[in-house]
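Heads up: the structure comes next, in structure tokens.
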Amino acid sequence: MAIRTILTKGDPALNKMCHPVTKFDQKLWELLDDLKETLAKANGLGLAAPQVGILRRAVIVVNDDGEMLELVNPEIVDQKGEQDGLEGCLSVPGLWGYVKRPAWVKVKAQDRDGNWFEVEGQELTARCFCHELSHLDGHLYTELTDKLYTNEDLDQMMSEEEQEERG
């Protein structure tokens, strides 16, 4: 296993459509293992193959139970509701934006051996599924937000909210 370099906004690989995975072999297994190790080191909630320069449809998502889910050739097959919340991205470090996403999502994907399965998630996990699958089609969350906030902006917003709550 190896820590891979996470590409940042502006790298052309982040805006390309990824190819389906067709070979479920050692090369894929190494990619999935590297994605998991890279994600853990970066302390993120999800990582897609194009974020490390590999244009294949593979992502890792951390679910509500803290498990790292491997999703190969994933697709959203059902969704319900709506949520609006802050998102960040390992490929857009230090910036955050409010994005509307479904409140619940069902994803169909293959595991590292090519077996199909379905997985569901709500709230934060649903947001992560949508965010990571967008990477596979060459999209970043920054396309879906009206404004980007810095860490300083967020600190100031939280401070103002605390002052309002205290009255």
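Numbering starts fresh at 1 for the residues of each chain in the structure tokens, the chains themselves are lettered A, B, ... in the order given, and ligands are numbered from 1 as they appear.
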
Exercise. Which neighbours of segment 39-41 of chain A fall inside 10 Å, counting only C-alpha atoms, when residues of the same chain fewer than 6 positions from it are skipped, and could you give them as a VMD selection string?
Worked result: chain A and resid 3 to 4 6 33 47 to 48 60 to 62 68 90

For this session: Write out as a PyMOL selection string each polymer residue whose atoms come within 12 Å of Asn115 of chain A, counting only C-alpha atoms; drop sequence neighbours fewer than 2 positions from it.
Result: chain A and resi 24+70-74+108-113+117-118

Output file for the residues above (C-alpha atoms, as a tab-separated table (two decimals), in the first residue's frame):
chain	number	residue	atom	x	y	z
A	24	PHE	CA	-10.98	-6.95	-11.08
A	70	GLU	CA	-15.20	0.35	-1.55
A	71	LEU	CA	-17.47	1.24	-4.48
A	72	VAL	CA	-16.44	0.15	-7.97
A	73	ASN	CA	-18.54	1.30	-10.95
A	74	PRO	CA	-21.03	2.92	-8.55
A	108	LYS	CA	-25.48	0.08	-6.68
A	109	ALA	CA	-21.80	-0.85	-7.04
A	110	GLN	CA	-19.35	-3.69	-7.41
A	111	ASP	CA	-16.89	-4.84	-4.79
A	112	ARG	CA	-13.19	-5.47	-5.43
A	113	ASP	CA	-14.02	-8.91	-6.85
A	117	PHE	CA	-24.29	-5.03	-4.15
A	118	GLU	CA	-26.42	-2.11	-2.98

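Among A:Gly81, A:Gly167, A:Pro93, A:Gly46, the residue with the shortest atom-to-atom distance to His131 of chain A, counting only C-alpha atoms, is A:Gly46.
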
Exercise. Hey, what does DSSP flag as helix (DSSP H, G or I) within chain A? Can you give it to me as a PyMOL selection string?
Worked result: chain A and resi 12-15+26-42+49-52+124-136+141-143+151-166

Exercise. Can you list, as a ChimeraX atom specification, every residue of segment 4-140 of chain A that DSSP puts in strand (DSSP E)?
Worked result: /A:46-48,58-62,68-80,83-89,92-101,104-110,116-122

File dump, residues just selected, C-alpha atoms, as a PDB file, in the first residue's frame:
ATOM      1  CA  GLY A  46     -14.312  10.104   0.761  1.00  0.00           C
ATOM      2  CA  LEU A  47     -11.830   9.809  -2.064  1.00  0.00           C
ATOM      3  CA  ALA A  48     -12.314   9.046  -5.758  1.00  0.00           C
ATOM      4  CA  ALA A  58     -13.756   3.652  -8.094  1.00  0.00           C
ATOM      5  CA  VAL A  59     -14.344   5.509  -4.820  1.00  0.00           C
ATOM      6  CA  ILE A  60     -13.982   5.065  -1.092  1.00  0.00           C
ATOM      7  CA  VAL A  61     -16.661   6.506   1.228  1.00  0.00           C
ATOM      8  CA  VAL A  62     -16.612   6.484   5.030  1.00  0.00           C
ATOM      9  CA  MET A  68     -14.565   2.538   4.563  1.00  0.00           C
ATOM     10  CA  LEU A  69     -16.810   1.347   1.742  1.00  0.00           C
ATOM     11  CA  GLU A  70     -15.201   0.350  -1.552  1.00  0.00           C
ATOM     12  CA  LEU A  71     -17.465   1.239  -4.480  1.00  0.00           C
ATOM     13  CA  VAL A  72     -16.437   0.150  -7.967  1.00  0.00           C
ATOM     14  CA  ASN A  73     -18.536   1.298 -10.949  1.00  0.00           C
ATOM     15  CA  PRO A  74     -21.028   2.924  -8.552  1.00  0.00           C
ATOM     16  CA  GLU A  75     -24.283   4.507  -9.629  1.00  0.00           C
ATOM     17  CA  ILE A  76     -27.094   6.146  -7.698  1.00  0.00           C
ATOM     18  CA  VAL A  77     -30.245   4.080  -8.232  1.00  0.00           C
ATOM     19  CA  ASP A  78     -32.614   5.893  -5.843  1.00  0.00           C
ATOM     20  CA  GLN A  79     -32.725   9.073  -3.801  1.00  0.00           C
ATOM     21  CA  LYS A  80     -35.188  10.903  -1.551  1.00  0.00           C
ATOM     22  CA  GLN A  83     -30.511  18.577   2.527  1.00  0.00           C
ATOM     23  CA  ASP A  84     -28.441  21.738   2.323  1.00  0.00           C
ATOM     24  CA  GLY A  85     -25.073  21.649   4.033  1.00  0.00           C
ATOM     25  CA  LEU A  86     -21.422  22.574   3.997  1.00  0.00           C
ATOM     26  CA  GLU A  87     -19.050  20.551   1.856  1.00  0.00           C
ATOM     27  CA  GLY A  88     -15.329  20.556   1.505  1.00  0.00           C
ATOM     28  CA  CYS A  89     -13.050  18.475  -0.681  1.00  0.00           C
ATOM     29  CA  VAL A  92     -10.136  21.947  -2.923  1.00  0.00           C
ATOM     30  CA  PRO A  93      -8.221  22.414   0.351  1.00  0.00           C
ATOM     31  CA  GLY A  94      -9.211  25.177   2.747  1.00  0.00           C
ATOM     32  CA  LEU A  95     -12.491  26.068   1.014  1.00  0.00           C
ATOM     33  CA  TRP A  96     -16.091  25.147   1.841  1.00  0.00           C
ATOM     34  CA  GLY A  97     -19.480  25.728   0.247  1.00  0.00           C
ATOM     35  CA  TYR A  98     -23.161  25.064   0.863  1.00  0.00           C
ATOM     36  CA  VAL A  99     -24.516  22.393  -1.502  1.00  0.00           C
ATOM     37  CA  LYS A 100     -27.991  20.873  -1.894  1.00  0.00           C
ATOM     38  CA  ARG A 101     -27.960  17.064  -1.988  1.00  0.00           C
ATOM     39  CA  TRP A 104     -31.116   9.627   1.371  1.00  0.00           C
ATOM     40  CA  VAL A 105     -29.363   7.749  -1.420  1.00  0.00           C
ATOM     41  CA  LYS A 106     -29.152   4.141  -2.590  1.00  0.00           C
ATOM     42  CA  VAL A 107     -26.047   3.167  -4.563  1.00  0.00           C
ATOM     43  CA  LYS A 108     -25.478   0.077  -6.681  1.00  0.00           C
ATOM     44  CA  ALA A 109     -21.803  -0.850  -7.041  1.00  0.00           C
ATOM     45  CA  GLN A 110     -19.350  -3.686  -7.408  1.00  0.00           C
ATOM     46  CA  TRP A 116     -22.718  -6.368  -7.354  1.00  0.00           C
ATOM     47  CA  PHE A 117     -24.289  -5.028  -4.154  1.00  0.00           C
ATOM     48  CA  GLU A 118     -26.419  -2.115  -2.977  1.00  0.00           C
ATOM     49  CA  VAL A 119     -25.765   0.232  -0.081  1.00  0.00           C
ATOM     50  CA  GLU A 120     -27.848   3.048   1.389  1.00  0.00           C
ATOM     51  CA  GLY A 121     -26.907   6.179   3.253  1.00  0.00           C
ATOM     52  CA  GLN A 122     -28.601   9.191   4.706  1.00  0.00           C
TER      53      GLN A 122
END

Problem set entry | Coordinates-based distance that separates atom CA of Asp64 of chain A from atom CA of Asp155 of chain A (Å, one decimal) |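 Calculated distance between atom CA of Asp155 of chain A and atom CA of Asp64 of chain A is 25.1 Å.
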
Which residues of segment 108-136 of chain A come within 10 Å of segment 141-150 of chain A, and what is each one's closest atom pair and distance in Å (one decimal), counting only C-alpha atoms, sorted by chain and residue number, as JSON lines?
{"residue": "A:Cys130", "atom": "CA", "partner": "A:Tyr141", "partner_atom": "CA", "distance": 9.6}
{"residue": "A:His131", "atom": "CA", "partner": "A:Tyr141", "partner_atom": "CA", "distance": 6.8}
{"residue": "A:Glu132", "atom": "CA", "partner": "A:Tyr141", "partner_atom": "CA", "distance": 9.5}
{"residue": "A:Ser134", "atom": "CA", "partner": "A:Tyr141", "partner_atom": "CA", "distance": 8.0}
{"residue": "A:His135", "atom": "CA", "partner": "A:Tyr141", "partner_atom": "CA", "distance": 8.7}

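With only C-alpha atoms as the atoms that count, the residue of A:Leu35, A:Ala126, A:Leu140, A:Leu14 with the shortest distance to Asn63 of chain A is A:Ala126.
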
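Here atom CA of Ser91 of chain A stands at a distance of 5.7 Å from atom CA of Lys9 of chain A.
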
Arg56 of chain A environment, 8 Å, only C-alpha atoms, sequence neighbours closer than 2 positions dropped, as a PDB file with C-alpha atoms, in the first residue's frame:
ATOM      1  CA  CYS A  18     -13.801   8.191 -15.742  1.00  0.00           C
ATOM      2  CA  HIS A  19     -13.836   4.813 -17.473  1.00  0.00           C
ATOM      3  CA  PRO A  20     -15.640   1.791 -16.021  1.00  0.00           C
ATOM      4  CA  VAL A  21     -13.516  -0.776 -14.232  1.00  0.00           C
ATOM      5  CA  ALA A  49      -9.752   7.513  -8.104  1.00  0.00           C
ATOM      6  CA  PRO A  50      -9.511  10.629 -10.326  1.00  0.00           C
ATOM      7  CA  ILE A  54      -6.541   7.418 -12.037  1.00  0.00           C
ATOM      8  CA  ALA A  58     -13.756   3.652  -8.094  1.00  0.00           C
ATOM      9  CA  LEU A 136     -16.239  10.168 -11.518  1.00  0.00           C
TER      10      LEU A 136
END

Exercise. At what distance in Å, to one decimal, does atom CA of Thr125 of chain A lie from atom CA of Trp29 of chain A?
Worked result: 23.2 Å
